[in-house]
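Coordinates as given in start30.txt (compact mmCIF, C-alpha atoms):
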```txt
# COMPACT_ATOMS: atom_id res chain seq x y z
CA ARG A 1 -8.21 -98.77 56.42
CA PHE A 2 -5.67 -96.89 58.31
CA ASN A 3 -6.44 -93.28 58.54
CA THR A 4 -3.36 -91.23 59.03
CA ASN A 5 -5.37 -88.24 60.10
CA ALA A 6 -7.56 -90.05 62.68
CA HIS A 7 -5.19 -89.67 65.58
CA LEU A 8 -4.67 -86.01 64.93
CA PRO A 9 -6.81 -83.74 67.04
CA TYR A 10 -6.76 -80.85 64.52
CA HIS A 11 -6.69 -80.54 60.76
CA PHE A 12 -4.17 -78.09 59.29
CA PRO A 13 -4.88 -77.21 55.66
CA ILE A 14 -1.86 -76.88 53.39
CA HIS A 15 -1.66 -73.45 51.65
CA PRO A 16 0.36 -72.86 48.46
CA VAL A 17 3.49 -70.69 48.68
CA PRO A 18 2.76 -67.21 47.24
CA GLN A 19 4.60 -66.28 44.01
CA HIS A 20 6.06 -62.74 44.20
CA PRO A 21 6.50 -60.74 40.98
CA PRO A 22 10.05 -59.94 39.82
CA PRO A 23 11.49 -56.65 41.03
CA ARG A 24 10.80 -53.64 38.80
CA THR A 25 11.21 -49.89 38.76
CA MET A 26 8.74 -48.13 41.00
CA ASN A 27 6.56 -45.60 39.23
CA PHE A 28 4.28 -43.13 41.00
CA GLY A 29 2.77 -41.55 37.96
CA HIS A 30 5.97 -39.69 36.99
CA GLY A 31 9.52 -40.94 37.38
CA TYR A 32 12.67 -42.03 35.60
CA ASP A 33 12.84 -45.56 34.15
CA ASN A 34 15.90 -47.76 33.69
CA PHE A 35 16.79 -45.95 30.44
CA GLY A 36 17.08 -42.57 32.11
CA ASP A 37 13.98 -41.17 30.38
CA PHE A 38 11.32 -39.42 32.36
CA HIS A 39 8.46 -41.94 32.28
CA HIS A 40 4.76 -41.14 32.27
CA SER A 41 2.05 -43.64 33.21
CA ALA A 42 0.27 -44.80 30.07
CA PRO A 43 -2.04 -47.64 29.11
CA PRO A 44 -0.45 -50.90 27.93
CA GLY A 45 0.77 -50.75 24.31
CA ALA A 46 1.10 -46.95 24.32
CA PHE A 47 4.27 -44.90 24.18
CA SER A 48 4.53 -41.96 26.57
CA ARG A 49 7.70 -40.20 27.69
CA HIS A 50 8.81 -36.85 29.03
CA TYR A 51 11.83 -35.18 27.43
CA ARG A 52 13.68 -31.92 27.80
CA CYS A 53 12.78 -29.85 24.76
CA TYR A 54 15.38 -27.94 22.74
CA PRO A 55 15.21 -26.24 19.30
CA VAL A 56 16.67 -27.98 16.25
CA SER A 57 19.22 -25.18 15.92
CA PHE A 58 21.17 -26.95 18.69
CA LEU A 59 21.80 -29.73 16.16
CA GLU A 60 22.69 -27.21 13.43
CA ARG A 61 19.80 -28.56 11.39
CA GLU A 62 18.09 -25.36 10.27
CA GLU A 63 16.29 -27.18 7.44
CA LEU A 64 14.09 -28.89 10.05
CA GLU A 65 12.39 -25.53 10.66
CA ARG A 66 10.59 -26.01 7.32
CA GLY A 67 8.54 -28.95 8.60
CA ASP A 68 7.12 -30.70 11.70
CA LYS A 69 9.67 -33.49 12.19
CA ILE A 70 11.33 -33.96 15.61
CA VAL A 71 14.46 -35.82 16.73
CA LEU A 72 14.19 -38.35 19.60
CA PRO A 73 16.82 -40.38 21.52
CA PRO A 74 17.69 -44.01 20.55
CA SER A 75 15.89 -45.38 23.63
CA ALA A 76 12.62 -44.12 22.19
CA LEU A 77 13.15 -46.21 19.07
CA ASP A 78 13.82 -49.29 21.21
CA GLN A 79 10.64 -48.75 23.20
CA LEU A 80 8.57 -48.10 20.07
CA SER A 81 9.90 -51.28 18.48
CA ARG A 82 8.91 -53.38 21.49
CA LEU A 83 5.45 -51.83 21.44
CA GLU A 84 5.14 -52.65 17.74
CA ILE A 85 4.11 -49.11 16.81
CA SER A 86 3.29 -49.05 13.12
CA PHE A 87 4.79 -46.66 10.58
CA PRO A 88 4.54 -43.82 9.86
CA MET A 89 5.12 -42.91 13.49
CA LEU A 90 3.07 -39.91 14.57
CA PHE A 91 3.19 -38.28 17.99
CA THR A 92 1.27 -35.91 20.19
CA LEU A 93 3.31 -33.25 21.98
CA VAL A 94 1.75 -31.97 25.20
CA ASN A 95 2.78 -29.04 27.34
CA PRO A 96 2.21 -30.35 30.90
CA THR A 97 1.80 -26.84 32.26
CA SER A 98 -0.84 -25.46 29.89
CA ALA A 99 -2.15 -28.72 28.32
CA GLN A 100 -1.51 -27.21 24.88
CA THR A 101 -1.11 -29.96 22.26
CA THR A 102 0.16 -30.38 18.72
CA HIS A 103 1.02 -33.31 16.44
CA CYS A 104 4.20 -34.14 14.57
CA GLY A 105 6.31 -36.84 12.96
CA VAL A 106 9.81 -38.11 13.74
CA LEU A 107 12.86 -37.80 11.52
CA GLU A 108 15.71 -39.44 13.44
CA PHE A 109 16.56 -41.11 16.77
CA VAL A 110 19.95 -39.53 17.42
CA ALA A 111 19.18 -37.10 20.25
CA THR A 112 20.90 -37.19 23.62
CA GLU A 113 19.13 -39.43 26.11
CA GLY A 114 16.46 -37.49 27.97
CA HIS A 115 16.44 -34.74 25.30
CA MET A 116 14.40 -34.06 22.21
CA TYR A 117 14.82 -31.48 19.44
CA VAL A 118 11.79 -29.70 18.05
CA PRO A 119 11.36 -26.93 15.40
CA TYR A 120 11.22 -23.59 17.14
CA TRP A 121 7.86 -22.62 15.63
CA MET A 122 6.32 -25.73 17.25
CA MET A 123 7.85 -24.76 20.60
CA SER A 124 6.22 -21.34 20.20
CA ASN A 125 2.83 -22.93 19.46
CA LEU A 126 3.19 -25.14 22.55
CA GLY A 127 4.33 -22.24 24.71
CA VAL A 128 7.50 -23.96 25.94
CA GLY A 129 11.07 -22.73 26.18
CA GLU A 130 14.50 -24.31 26.04
CA GLY A 131 14.87 -27.13 28.54
CA ASP A 132 11.17 -27.37 29.45
CA LEU A 133 9.56 -30.78 29.87
CA VAL A 134 7.29 -31.94 27.05
CA THR A 135 5.22 -35.12 26.97
CA VAL A 136 5.59 -37.26 23.85
CA GLU A 137 2.86 -39.82 23.11
CA ASN A 138 2.31 -41.95 20.05
CA ALA A 139 -0.79 -41.03 18.04
CA VAL A 140 -2.94 -42.60 15.36
CA LEU A 141 -4.46 -40.03 13.00
CA LYS A 142 -6.78 -40.49 10.07
CA LYS A 143 -5.76 -39.38 6.62
CA GLY A 144 -7.08 -35.96 5.79
CA THR A 145 -9.66 -35.35 3.10
CA PHE A 146 -10.25 -31.60 3.42
CA VAL A 147 -8.37 -28.58 4.77
CA LYS A 148 -9.20 -24.89 4.68
CA LEU A 149 -6.15 -22.64 4.83
CA GLN A 150 -6.08 -18.94 5.65
CA PRO A 151 -2.97 -16.84 4.89
CA GLN A 152 -2.20 -14.43 7.70
CA SER A 153 -0.95 -11.67 5.38
CA GLU A 154 -2.03 -10.31 2.00
CA ASP A 155 1.50 -10.79 0.64
CA PHE A 156 0.71 -14.48 0.09
CA LEU A 157 -1.86 -13.44 -2.53
CA ASP A 158 0.93 -11.91 -4.63
CA ILE A 159 2.47 -15.36 -5.29
CA SER A 160 1.85 -16.29 -8.91
CA ASN A 161 1.23 -20.02 -8.24
CA PRO A 162 0.31 -20.58 -4.56
CA LYS A 163 -0.88 -24.14 -5.23
CA ALA A 164 2.56 -25.28 -6.36
CA VAL A 165 4.20 -23.50 -3.42
CA LEU A 166 1.87 -25.23 -0.95
CA GLU A 167 2.37 -28.66 -2.50
CA ALA A 168 6.15 -28.28 -2.29
CA SER A 169 6.05 -26.95 1.29
CA LEU A 170 3.56 -29.46 2.74
CA ARG A 171 5.78 -32.36 1.74
CA ASN A 172 7.85 -31.55 4.82
CA PHE A 173 4.82 -31.91 7.11
CA SER A 174 3.22 -35.04 8.55
CA CYS A 175 0.17 -33.62 10.36
CA LEU A 176 -2.10 -30.63 10.42
CA ASP A 177 -3.94 -29.42 13.51
CA GLN A 178 -7.04 -27.29 13.39
CA ASP A 179 -6.50 -23.62 14.34
CA GLU A 180 -2.73 -23.96 14.21
CA CYS A 181 -0.40 -21.76 12.13
CA ILE A 182 2.39 -23.34 10.12
CA PRO A 183 5.24 -21.54 8.32
CA ILE A 184 5.61 -21.62 4.54
CA HIS A 185 9.02 -20.52 3.27
CA TYR A 186 9.18 -19.11 -0.25
CA ASN A 187 11.43 -16.61 -2.01
CA ASN A 188 13.35 -15.73 1.18
CA LYS A 189 10.09 -14.92 2.96
CA THR A 190 8.09 -16.70 5.64
CA PHE A 191 4.32 -16.83 5.19
CA TRP A 192 2.16 -18.01 8.09
CA ILE A 193 -0.82 -20.18 7.14
CA ASN A 194 -3.61 -21.05 9.57
CA ALA A 195 -5.46 -24.35 9.18
CA VAL A 196 -8.94 -22.98 9.85
CA GLU A 197 -10.69 -26.31 9.30
CA VAL A 198 -9.54 -29.91 8.82
CA ARG A 199 -11.50 -33.10 8.14
CA PRO A 200 -11.99 -35.62 9.61
CA GLY A 201 -11.41 -34.71 13.22
CA SER A 202 -9.37 -31.92 14.73
CA ALA A 203 -6.01 -33.32 13.52
CA ILE A 204 -5.21 -35.19 10.32
CA SER A 205 -2.34 -37.01 8.67
CA ILE A 206 -1.31 -35.72 5.25
CA ILE A 207 1.19 -38.48 4.42
CA ASP A 208 0.19 -40.06 1.09
CA ALA A 209 -3.23 -38.41 1.29
CA ASP A 210 -5.37 -36.71 -1.34
CA VAL A 211 -6.55 -33.56 0.39
CA ASN A 212 -8.96 -31.00 -1.02
CA VAL A 213 -7.58 -27.55 -0.24
CA GLU A 214 -9.71 -24.43 0.07
CA PHE A 215 -8.40 -20.92 0.70
CA ALA A 216 -9.92 -18.32 3.00
CA PRO A 217 -9.14 -14.60 2.61
CA PRO A 218 -6.55 -13.11 4.97
CA PRO A 219 -7.81 -11.43 8.17
CA GLY A 220 -9.18 -7.99 7.39
CA TYR A 221 -9.19 -8.60 3.65
CA GLU A 222 -12.98 -8.98 3.49
CA GLU A 223 -13.52 -5.62 5.20
CA LYS A 224 -11.04 -4.00 2.83
CA GLU A 225 -12.74 -5.60 -0.15
CA LYS A 226 -16.14 -4.40 1.12
CA ARG A 227 -14.82 -0.85 1.50
CA MET A 228 -13.37 -0.92 -2.01
CA LYS A 229 -16.64 -2.26 -3.38
CA ALA A 230 -18.63 0.41 -1.52
CA ASP A 231 -16.33 3.14 -2.87
CA ALA A 232 -16.71 1.81 -6.41
CA GLU A 233 -20.51 1.75 -6.05
CA ALA A 234 -20.52 5.30 -4.68
CA LYS A 235 -18.40 6.53 -7.60
CA ALA A 236 -20.68 4.76 -10.07
CA ALA A 237 -23.77 6.32 -8.45
CA ALA A 238 -22.17 9.79 -8.56
CA ALA A 239 -21.30 9.33 -12.23
CA ALA A 240 -24.88 8.23 -12.98
CA VAL A 241 -26.32 11.30 -11.19
CA ALA A 242 -23.95 13.58 -13.09
CA ALA A 243 -24.98 11.98 -16.39
CA VAL A 244 -28.69 12.42 -15.59
CA ALA A 245 -28.14 16.08 -14.63
CA ALA A 246 -26.18 16.75 -17.82
CA ALA A 247 -28.93 15.17 -19.92
CA ALA A 248 -31.60 17.27 -18.15
CA PHE A 249 -29.83 20.60 -18.75
CA ALA A 250 -28.63 19.82 -22.28
CA PRO A 251 -31.73 21.21 -24.27
CA ALA A 252 -31.78 24.53 -22.38
CA ALA A 253 -28.08 24.98 -22.92
CA THR A 254 -28.46 24.21 -26.62
CA THR A 255 -31.29 26.73 -27.00
CA SER A 256 -29.42 29.50 -25.20
CA SER A 257 -26.25 28.86 -27.14
CA GLY A 258 -28.19 28.88 -30.45
CA ALA A 259 -29.87 32.21 -29.58
CA SER A 260 -26.57 33.83 -28.62
CA ALA A 261 -24.96 32.59 -31.83
CA ALA A 262 -27.82 34.07 -33.94
CA ALA A 263 -27.59 37.44 -32.13
CA GLY A 264 -23.84 37.56 -32.69
CA ALA A 265 -24.24 36.81 -36.40
CA ALA A 266 -26.84 39.62 -36.79
CA ALA A 267 -24.60 42.13 -34.99
CA GLY A 268 -21.65 41.15 -37.17
CA SER A 269 -23.64 41.61 -40.37
CA ARG A 270 -24.79 45.09 -39.28
CA LEU A 271 -21.23 46.15 -38.46
CA GLN A 272 -19.96 44.91 -41.80
CA ALA A 273 -22.68 46.85 -43.67
CA ARG A 274 -21.80 50.05 -41.81
CA MET A 275 -18.11 49.68 -42.56
CA GLU A 276 -18.83 49.17 -46.25
CA ALA A 277 -20.95 52.36 -46.32
CA LEU A 278 -18.19 54.41 -44.67
CA ALA A 279 -15.65 53.06 -47.15
CA LYS A 280 -17.84 54.10 -50.09
CA GLN A 281 -18.27 57.64 -48.67
CA ARG A 282 -14.52 58.01 -48.22
CA LEU A 283 -13.82 56.91 -51.78
CA GLY A 284 -16.34 59.39 -53.16
CA ALA A 285 -14.80 62.34 -51.21
CA ASP A 286 -11.31 61.52 -52.43
CA ALA A 287 -12.50 61.42 -56.04
CA GLY A 288 -14.13 64.90 -55.75
CA ASP A 289 -11.05 66.56 -54.19
CA SER A 290 -8.76 65.18 -56.90
CA SER A 291 -10.94 66.58 -59.71
CA GLU A 292 -11.15 70.13 -58.22
CA SER A 293 -7.52 70.53 -57.19
CA SER A 294 -4.75 71.57 -59.71
CA ASP A 295 -1.06 70.92 -59.90
CA ASP A 296 -0.13 74.48 -58.74
CA GLU A 297 -2.08 74.18 -55.59
CA LYS A 298 -0.31 71.04 -54.53
CA PRO A 299 1.50 71.44 -51.21
CA PRO A 300 5.29 71.53 -51.31
CA PRO A 301 6.98 68.24 -50.71
CA LYS A 302 7.93 67.55 -47.22
CA GLU A 303 11.59 67.35 -46.29
CA ALA A 304 12.64 64.15 -44.79
CA PHE A 305 15.06 65.81 -42.31
CA PRO A 306 14.11 69.49 -41.77
CA GLY A 307 16.22 71.91 -39.71
CA ALA A 308 19.78 73.35 -39.67
CA GLY A 309 22.47 70.85 -40.44
CA GLN A 310 25.15 70.09 -37.89
CA THR A 311 28.25 68.03 -38.32
CA LEU A 312 29.79 65.73 -35.88
CA ARG A 313 33.44 66.49 -35.31
CA VAL A 314 35.63 63.89 -33.75
CA GLY A 315 38.60 65.02 -31.69
CA ALA A 316 41.61 62.96 -30.76
CA ARG A 317 41.41 63.73 -27.05
CA LYS A 318 38.07 65.31 -26.30
CA GLY A 319 36.05 62.90 -28.34
CA ALA A 320 33.07 63.91 -30.45
CA MET A 321 31.49 67.39 -30.35
CA LEU A 322 28.99 69.42 -32.37
CA VAL A 323 30.32 72.31 -34.58
CA ALA A 324 28.05 75.15 -35.76
CA PRO A 325 27.99 76.15 -39.52
CA ALA A 326 29.69 79.55 -38.89
CA ASP A 327 32.62 77.98 -37.08
CA ARG A 328 32.96 75.51 -39.89
CA MET A 329 33.29 78.39 -42.46
CA GLU A 330 36.01 80.14 -40.42
CA GLU A 331 37.95 76.94 -40.23
CA GLU A 332 37.71 76.48 -43.96
CA LYS A 333 39.02 80.09 -44.51
CA LYS A 334 41.97 79.46 -42.23
CA LYS A 335 42.83 76.40 -44.22
CA GLU A 336 42.79 78.40 -47.50
CA GLU A 337 45.13 81.25 -46.20
CA PRO A 338 48.85 80.54 -46.46
CA GLU A 339 50.69 80.04 -43.24
CA LYS A 340 53.11 82.91 -42.14
CA PRO A 341 56.68 82.02 -41.43
CA PHE A 342 57.63 81.75 -37.81
CA THR A 343 59.66 84.73 -36.41
CA PRO A 344 61.24 84.32 -33.01
CA PHE A 345 60.80 87.21 -30.58
CA GLY A 346 58.54 88.97 -33.05
CA GLY A 347 56.09 90.32 -30.56
CA ALA A 348 55.69 93.89 -29.21
CA GLY A 349 58.36 94.87 -26.72
CA ARG A 350 57.51 95.58 -23.11
CA SER A 351 59.62 97.05 -20.35
CA LEU A 352 59.69 96.31 -16.65
CA ARG A 353 59.70 99.01 -14.12
CA ASP A 354 61.70 98.84 -11.01
```
Whole structure given in structure tokens:
Amino acid sequence: RFNTNAHLPYHFPIHPVPQHPPPRTMNFGHGYDNFGDFHHSAPPGAFSRHYRCYPVSFLEREELERGDKIVLPPSALDQLSRLEISFPMLFTLVNPTSAQTTHCGVLEFVATEGHMYVPYWMMSNLGVGEGDLVTVENAVLKKGTFVKLQPQSEDFLDISNPKAVLEASLRNFSCLDQDECIPIHYNNKTFWINAVEVRPGSAISIIDADVNVEFAPPPGYEEKEKRMKADAEAKAAAAAVAAVAAAAFAPAATTSSGASAAAGAAAGSRLQARMEALAKQRLGADAGDSSESSDDEKPPPKEAFPGAGQTLRVGARKGAMLVAPADRMEEEKKKEEPEKPFTPFGGAGRSLRD
């Protein structure tokens, strides 16, 4: 047989042509992808993006402050659909600076590309401000079975039906994180509730879940209750001591009061007997004097108004003045005498010397 390779001095092996992958966006851990979103390296099948965080008030959606729903851009929905993320969609929000995390749900995908809108109370819990970068990752949480809530103020205890208020308020929430405070709005007031303990895990989903809720007293309420209980016990002990002391001194007081009452009764009886004896003596003396005395020896009757009589004369100009009896008699005589006729120039003549 003819060997085509026999006359060749060397053998050159044939190598296959290398297949290069299609061009793609370079990513060095953090960078922008073709959609304009800030991309974060994540394992296959996981959603992870960085967005500029802004409060929901920028959308004029103040009602979103009553829950934990966020608003993402439309590109996030496209990416989540390709990754076949199941509903309900839950996310983990991470502050890249402090590594503080929280969990939330999504309401809409209408935000501006590269932006996200978050309730302001969640921004406060994360420690981020307006325009800060926040990492958004999809999360899978187990349904909660138990949660222990602690009101941060005693005013929450004044609500007549806190169970109904909680049920109505928690419908706006998707997740609960352990040791995280959430706002409860009721009757134009905001009550902060801390999730002291959640089960199972450190974060739970409360969507379509039957959760057993237990309440813890507000901070400082136990100390106040202990002080009130101690004060009540001290008052009860003082009342018991006072009752024992009153019972111990009761017989002596009764004896002394009985003796004083008997002494007073004896003194009163003696005084009454003496007064009766004096009255009898006085009656006997009056009877003897009346038998010995006669009608001639009776003293003259006493005048009611003794003394010389004086009349009160009232003048037209000088007013009232007292007039003696003698002056009154002279006046009466003058009234009885007839008046003399008037004679002009009837007086004694007098002469003037030069």
ask   = Distance atom CA of A:Ala203-atom CA of A:Thr135, one decimal place?
value = 17.6 Å
Which residues of stretch 177-246 of chain A come within 7 Å of stretch 147-159 of chain A, and for each one, what is the closest pair of atoms and their distance in Å to one decimal, counting only C-alpha atoms, sorted by chain and residue number, as a Markdown table?
```
| residue | atom | partner | partner_atom | distance |
| --- | --- | --- | --- | --- |
| A:Phe191 | CA | A:Phe156 | CA | 6.7 |
| A:Trp192 | CA | A:Gln152 | CA | 5.7 |
| A:Ile193 | CA | A:Pro151 | CA | 4.6 |
| A:Asn194 | CA | A:Gln150 | CA | 5.1 |
| A:Ala195 | CA | A:Leu149 | CA | 4.7 |
| A:Val196 | CA | A:Lys148 | CA | 5.5 |
| A:Glu197 | CA | A:Lys148 | CA | 5.1 |
| A:Val198 | CA | A:Val147 | CA | 4.4 |
| A:Arg199 | CA | A:Val147 | CA | 6.4 |
| A:Val211 | CA | A:Val147 | CA | 6.9 |
| A:Asn212 | CA | A:Val147 | CA | 6.3 |
| A:Val213 | CA | A:Val147 | CA | 5.2 |
| A:Glu214 | CA | A:Lys148 | CA | 4.7 |
| A:Phe215 | CA | A:Leu149 | CA | 5.0 |
| A:Ala216 | CA | A:Gln150 | CA | 4.7 |
| A:Pro217 | CA | A:Gln150 | CA | 6.1 |
| A:Pro218 | CA | A:Pro151 | CA | 5.2 |
| A:Pro219 | CA | A:Gln152 | CA | 6.4 |
```
request  = Using atom CA of A:Ser57 and atom CA of A:Tyr117 as the two end points, give the distance in Å to one decimal.
outcome  =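 Separation of atom CA of A:Ser57 and atom CA of A:Tyr117: 8.5 Å.
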ask   = In Å to one decimal, how far is atom CA of A:Leu133 from atom CA of A:Leu83?
value =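 Computing the Euclidean distance for atom CA of A:Leu83 and atom CA of A:Leu133 yields 23.0 Å.
Non-sequential neighbours of stretch 71-73 of chain A (distance at most 7 Å, separation of 4 or more positions within a chain, all atoms listed in the file) are Val106, Leu107, Glu108, Phe109, Val110, Ala111, Thr112, Glu113, His115, Met116, Tyr117 and Val118 of chain A.
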inquiry  = Show me, as a list of chain:residue names, the residues that have an atom within 10 Å of A:Thr97 when counting only C-alpha atoms, minus same-chain residues fewer than 3 positions from it.
reply    =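 Selected residues are A:Val94, A:Gln100, A:Leu126, A:Gly127, A:Val128, A:Asp132, A:Leu133, A:Val134.
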